file structure02.txt (compact mmCIF, C-alpha atoms)
# COMPACT_ATOMS: atom_id res chain seq x y z
CA MET A 1 112.77 97.00 143.06
CA ASP A 2 111.25 93.53 143.16
CA ARG A 3 113.10 90.44 141.93
CA ARG A 4 111.11 90.07 138.71
CA THR A 5 111.74 93.69 137.66
CA LEU A 6 115.45 93.30 138.42
CA LEU A 7 115.73 90.07 136.40
CA LYS A 8 113.89 91.60 133.44
CA ALA A 9 116.18 94.65 133.52
CA LEU A 10 119.29 92.45 133.65
CA ALA A 11 118.03 90.26 130.81
CA ALA A 12 117.36 93.33 128.67
CA ALA A 13 120.80 94.78 129.45
CA PHE A 14 122.57 91.60 128.33
CA ALA A 15 120.31 90.74 125.41
CA ALA A 16 122.16 90.03 122.15
CA GLU A 17 119.33 91.51 120.06
CA PRO A 18 118.44 95.20 120.06
CA VAL A 19 115.38 96.17 122.05
CA LEU A 20 112.56 97.98 120.27
CA ALA A 21 112.42 101.67 121.05
CA ALA A 22 109.57 103.00 123.13
CA PRO A 23 106.84 104.87 121.24
CA PRO A 24 107.34 108.64 121.03
CA ALA A 25 105.97 110.47 124.07
CA ASN A 26 103.68 112.77 122.12
CA MET A 27 101.81 113.12 118.83
CA LYS A 28 104.54 115.39 117.42
CA GLY A 29 106.94 112.45 117.78
CA ILE A 30 104.44 110.18 116.00
CA GLU A 31 104.10 112.69 113.15
CA ASP A 32 107.90 112.89 112.82
CA LEU A 33 108.13 109.09 112.75
CA GLN A 34 105.47 108.92 110.02
CA LYS A 35 107.07 111.71 108.00
CA ASN A 36 110.58 110.20 108.15
CA TRP A 37 109.69 106.55 107.46
CA LYS A 38 111.93 106.39 104.39
CA THR A 39 115.02 106.60 106.62
CA PHE A 40 114.32 102.93 107.47
CA LEU A 41 114.68 101.81 103.84
CA ALA A 42 117.81 100.13 102.56
CA ALA A 43 119.89 102.51 100.42
CA SER A 44 119.06 100.74 97.14
CA ALA A 45 115.37 100.10 97.88
CA THR A 46 112.68 101.07 95.41
CA VAL A 47 109.09 101.03 96.61
CA PRO A 48 105.75 101.18 94.83
CA SER A 49 103.41 104.10 95.31
CA PRO A 50 100.07 103.68 97.09
CA ALA A 51 98.59 105.38 94.00
CA GLU A 52 99.67 102.48 91.73
CA PRO A 53 96.90 99.88 92.22
CA LEU A 54 97.74 96.20 91.80
CA LYS A 55 94.74 94.28 90.46
CA LEU A 56 95.11 90.54 89.83
CA SER A 57 92.64 87.72 89.24
CA ASP A 58 92.04 85.21 92.01
CA ASP A 59 94.09 82.62 90.09
CA GLU A 60 96.98 85.08 89.75
CA TRP A 61 96.88 85.76 93.51
CA ARG A 62 96.92 82.01 94.23
CA LYS A 63 100.04 81.62 92.07
CA ARG A 64 101.75 84.68 93.55
CA LEU A 65 101.18 84.00 97.27
CA PRO A 66 101.97 81.10 99.61
CA PRO A 67 98.73 79.34 100.72
CA GLU A 68 98.63 80.88 104.22
CA SER A 69 99.26 84.40 102.87
CA TYR A 70 96.58 83.88 100.22
CA LYS A 71 94.08 82.79 102.89
CA VAL A 72 94.72 85.89 105.01
CA LEU A 73 95.32 88.56 102.36
CA ARG A 74 92.65 87.51 99.86
CA LYS A 75 90.05 85.68 102.00
CA GLU A 76 90.34 87.74 105.23
CA GLY A 77 91.58 84.79 107.29
CA THR A 78 93.64 84.99 110.47
CA GLU A 79 96.88 83.19 111.19
CA ARG A 80 97.31 81.34 114.47
CA ALA A 81 98.73 83.54 117.25
CA GLY A 82 102.43 83.07 117.97
CA THR A 83 103.27 81.50 114.60
CA SER A 84 104.87 84.45 112.81
CA PRO A 85 108.65 84.92 112.99
CA LEU A 86 107.97 88.62 112.37
CA ASN A 87 106.54 88.85 115.88
CA ASP A 88 110.16 88.62 117.12
CA GLU A 89 111.71 90.84 114.42
CA LYS A 90 113.74 93.61 116.07
CA ARG A 91 116.13 94.85 113.37
CA ALA A 92 115.83 98.31 111.81
CA GLY A 93 113.87 98.22 108.57
CA VAL A 94 110.51 98.36 106.87
CA PHE A 95 107.53 95.99 106.89
CA VAL A 96 105.88 95.79 103.45
CA CYS A 97 102.62 94.24 102.25
CA ALA A 98 103.32 90.61 101.27
CA GLY A 99 100.90 91.00 98.36
CA CYS A 100 102.33 94.08 96.63
CA ASP A 101 105.49 95.28 98.47
CA LEU A 102 103.93 98.58 99.60
CA PRO A 103 105.71 99.80 102.77
CA VAL A 104 103.17 99.89 105.61
CA PHE A 105 105.14 100.06 108.90
CA THR A 106 108.69 100.71 110.09
CA SER A 107 110.51 98.83 112.83
CA GLU A 108 110.20 101.92 115.07
CA MET A 109 106.39 101.67 114.86
CA LYS A 110 106.39 98.11 116.27
CA PHE A 111 105.81 97.16 119.90
CA GLU A 112 105.41 93.95 121.88
CA SER A 113 101.71 93.62 122.59
CA GLY A 114 101.82 90.14 124.10
CA THR A 115 99.06 88.99 121.72
CA GLY A 116 101.17 86.70 119.52
CA TRP A 117 100.81 88.89 116.41
CA PRO A 118 103.11 91.65 115.14
CA SER A 119 101.66 94.87 116.55
CA PHE A 120 102.25 98.51 115.71
CA PHE A 121 101.16 101.77 117.36
CA THR A 122 100.91 103.70 114.07
CA THR A 123 101.35 103.21 110.32
CA ILE A 124 103.01 104.85 107.37
CA PRO A 125 100.35 107.41 106.31
CA GLY A 126 97.97 106.65 103.45
CA VAL A 127 98.65 102.92 103.08
CA PHE A 128 95.47 101.36 104.49
CA GLU A 129 91.73 101.51 103.85
CA MET A 130 89.42 100.84 106.79
CA LYS A 131 86.16 98.94 106.97
CA LYS A 132 83.89 97.63 109.71
CA ASP A 133 84.00 93.90 110.40
CA PHE A 134 81.02 92.29 112.18
CA LEU A 135 82.34 88.70 112.07
CA LEU A 136 82.44 88.46 115.88
CA ILE A 137 79.05 90.24 116.14
CA TYR A 138 80.48 93.43 117.65
CA PRO A 139 82.05 95.88 115.18
CA ARG A 140 85.81 95.88 114.70
CA SER A 141 87.96 98.16 112.55
CA GLU A 142 89.57 96.04 109.84
CA TYR A 143 92.32 97.39 107.59
CA HIS A 144 93.34 96.51 104.04
CA CYS A 145 96.29 97.54 101.85
CA ILE A 146 95.27 100.52 99.74
CA ARG A 147 97.32 99.26 96.78
CA CYS A 148 96.26 95.60 96.46
CA GLY A 149 93.28 95.34 98.82
CA GLY A 150 94.99 92.65 100.92
CA HIS A 151 93.62 92.06 104.44
CA HIS A 152 96.18 92.76 107.17
CA GLY A 153 94.33 92.77 110.47
CA HIS A 154 92.36 94.88 112.92
CA VAL A 155 93.10 98.06 114.86
CA PHE A 156 92.18 98.28 118.54
CA ASP A 157 92.30 101.10 121.10
CA ASP A 158 94.44 99.26 123.68
CA GLY A 159 97.92 100.19 122.43
CA PRO A 160 100.60 102.34 124.06
CA PRO A 161 100.33 106.11 124.44
CA PRO A 162 100.19 108.53 122.80
CA THR A 163 98.17 106.90 119.99
CA ARG A 164 96.58 104.18 122.17
CA GLN A 165 96.30 102.18 118.93
CA ARG A 166 97.26 98.53 118.39
CA TRP A 167 97.46 97.68 114.70
CA CYS A 168 97.29 93.90 115.13
CA ASN A 169 98.74 92.51 111.90
CA ASN A 170 98.88 88.98 110.53
CA GLY A 171 102.55 88.18 110.00
CA VAL A 172 101.81 86.34 106.73
CA SER A 173 100.45 89.63 105.35
CA LEU A 174 103.88 91.23 105.80
CA ARG A 175 107.42 90.88 104.56
CA PHE A 176 110.32 92.51 106.41
CA ILE A 177 113.11 94.32 104.57
CA PRO A 178 116.06 95.11 106.84
CA LYS A 179 117.71 98.51 106.50
CA GLY A 180 121.26 97.16 106.34

call {"tool": "encode", "arguments": {"input": "structure02.txt", "output": "structure tokens"}}
result
Amino acid sequence: MDRRTLLKALAAAFAAEPVLAAPPANMKGIEDLQKNWKTFLAASATVPSPAEPLKLSDDEWRKRLPPESYKVLRKEGTERAGTSPLNDEKRAGVFVCAGCDLPVFTSEMKFESGTGWPSFFTTIPGVFEMKKDFLLIYPRSEYHCIRCGGHHGHVFDDGPPPTRQRWCNNGVSLRFIPKG
């Protein structure tokens, strides 16, 4: 074992914060994680249904959202890498859309991608609509909240196995609700 690997292992062993779990080893594990996402909700939590659309005027969205969230969710902007405190969030819980509170990811779906944005290897099923984005000339897969239409980010095929997906999410598009 080289020195760097040993130091990283020791740091992880003595870390005060819990370490994120590794992704499930197979697609059956991913399906179980998606099916059981509600176990990450706080006991008293109530959540909206993806089937309950939230339609507001642009002025109503401006009043409802902080300026940076408005820019990303409503105008398809991107926050600066490394600026979101959610990138370091490691507690058990659920990530919800900052626009409409729809649960979109659990803490067990998150991984450290090294990109500076909160990243996930899968989602809660049925919460996003996909579209092609040609802003950088080559096509990218962009995803939006199915309930409010808010822009969250892009999905790439460079994530961990077994999904190989990296749902690269703007932190200002999310709110975290801890389980406890």

call {"tool": "residues_around", "arguments": {"input": "structure02.txt", "residues": "A:Pro85", "least_positions_apart": "5", "cutoff": "10 Å", "atoms": "only C-alpha atoms", "output": "PyMOL selection string"}}
result
chain A and resi 117-118+171-172

call {"tool": "closest_atom_pairs", "arguments": {"input": "structure02.txt", "of": "stretch 106-164 of chain A", "to": "stretch 32-50 of chain A", "cutoff": "7 Å", "atoms": "only C-alpha atoms", "output": "CSV"}}
result
residue,atom,partner,partner_atom,distance
A:Thr106,CA,A:Trp37,CA,6.5
A:Ile124,CA,A:Gln34,CA,5.4
A:Pro125,CA,A:Gln34,CA,6.5
A:Val127,CA,A:Pro50,CA,6.2
A:Ile146,CA,A:Pro50,CA,6.3
A:Arg147,CA,A:Pro50,CA,5.2

call {"tool": "residues_around", "arguments": {"input": "structure02.txt", "residues": "A:Leu86", "least_positions_apart": "3", "cutoff": "10 Å", "atoms": "all atoms listed in the file", "output": "ChimeraX atom specification"}}
result
/A:82-83,89-90,95,117-119,170-172,174-176

call {"tool": "closest_residue", "arguments": {"input": "structure02.txt", "among": "A:Val104, A:Pro67, A:Glu112, A:Leu56", "to": "A:Asp88", "atoms": "all atoms listed in the file"}}
result
A:Glu112

call {"tool": "atom_distance", "arguments": {"input": "structure02.txt", "atom1": "atom CA of A:Pro103", "atom2": "atom CA of A:Tyr143"}}
result
14.4 Å

call {"tool": "residues_around", "arguments": {"input": "structure02.txt", "residues": "A:His144", "least_positions_apart": "6", "cutoff": "6 Å", "atoms": "all atoms listed in the file", "output": "VMD selection string"}}
result
chain A and resid 128 to 129 150 to 152

call {"tool": "write_last_selection", "arguments": {"input": "structure02.txt", "atoms": "C-alpha atoms", "output": "PDB file, keeping the file's coordinate frame"}}
result
ATOM      1  CA  PHE A 128      95.470 101.360 104.490  1.00  0.00           C
ATOM      2  CA  GLU A 129      91.730 101.510 103.850  1.00  0.00           C
ATOM      3  CA  GLY A 150      94.990  92.650 100.920  1.00  0.00           C
ATOM      4  CA  HIS A 151      93.620  92.060 104.440  1.00  0.00           C
ATOM      5  CA  HIS A 152      96.180  92.760 107.170  1.00  0.00           C
TER       6      HIS A 152
END

call {"tool": "atom_distance", "arguments": {"input": "structure02.txt", "atom1": "atom CA of A:Thr163", "atom2": "atom CA of A:Phe105"}}
result
14.8 Å

call {"tool": "residues_around", "arguments": {"input": "structure02.txt", "residues": "A:Lys71", "least_positions_apart": "4", "cutoff": "10 Å", "atoms": "only C-alpha atoms", "output": "PyMOL selection string"}}
result
chain A and resi 62+65-67+75-79+151+172-173

call {"tool": "atom_distance", "arguments": {"input": "structure02.txt", "atom1": "atom CA of A:Lys110", "atom2": "atom CA of A:Ala51"}}
result
24.7 Å

call {"tool": "closest_residue", "arguments": {"input": "structure02.txt", "among": "A:Val94, A:Ala25, A:Leu102, A:Ile30", "to": "A:Cys148", "atoms": "all atoms listed in the file"}}
result
A:Leu102

call {"tool": "closest_residue", "arguments": {"input": "structure02.txt", "among": "A:Pro162, A:Ala22, A:Gly99, A:Cys168", "to": "A:Arg64", "atoms": "all atoms listed in the file"}}
result
A:Gly99

call {"tool": "residues_near_point", "arguments": {"input": "structure02.txt", "point": "(102.2, 97.7, 118.8)", "cutoff": "10 Å", "atoms": "all atoms listed in the file", "output": "ChimeraX atom specification"}}
result
/A:23,108-115,117-122,155,158-160,164-169
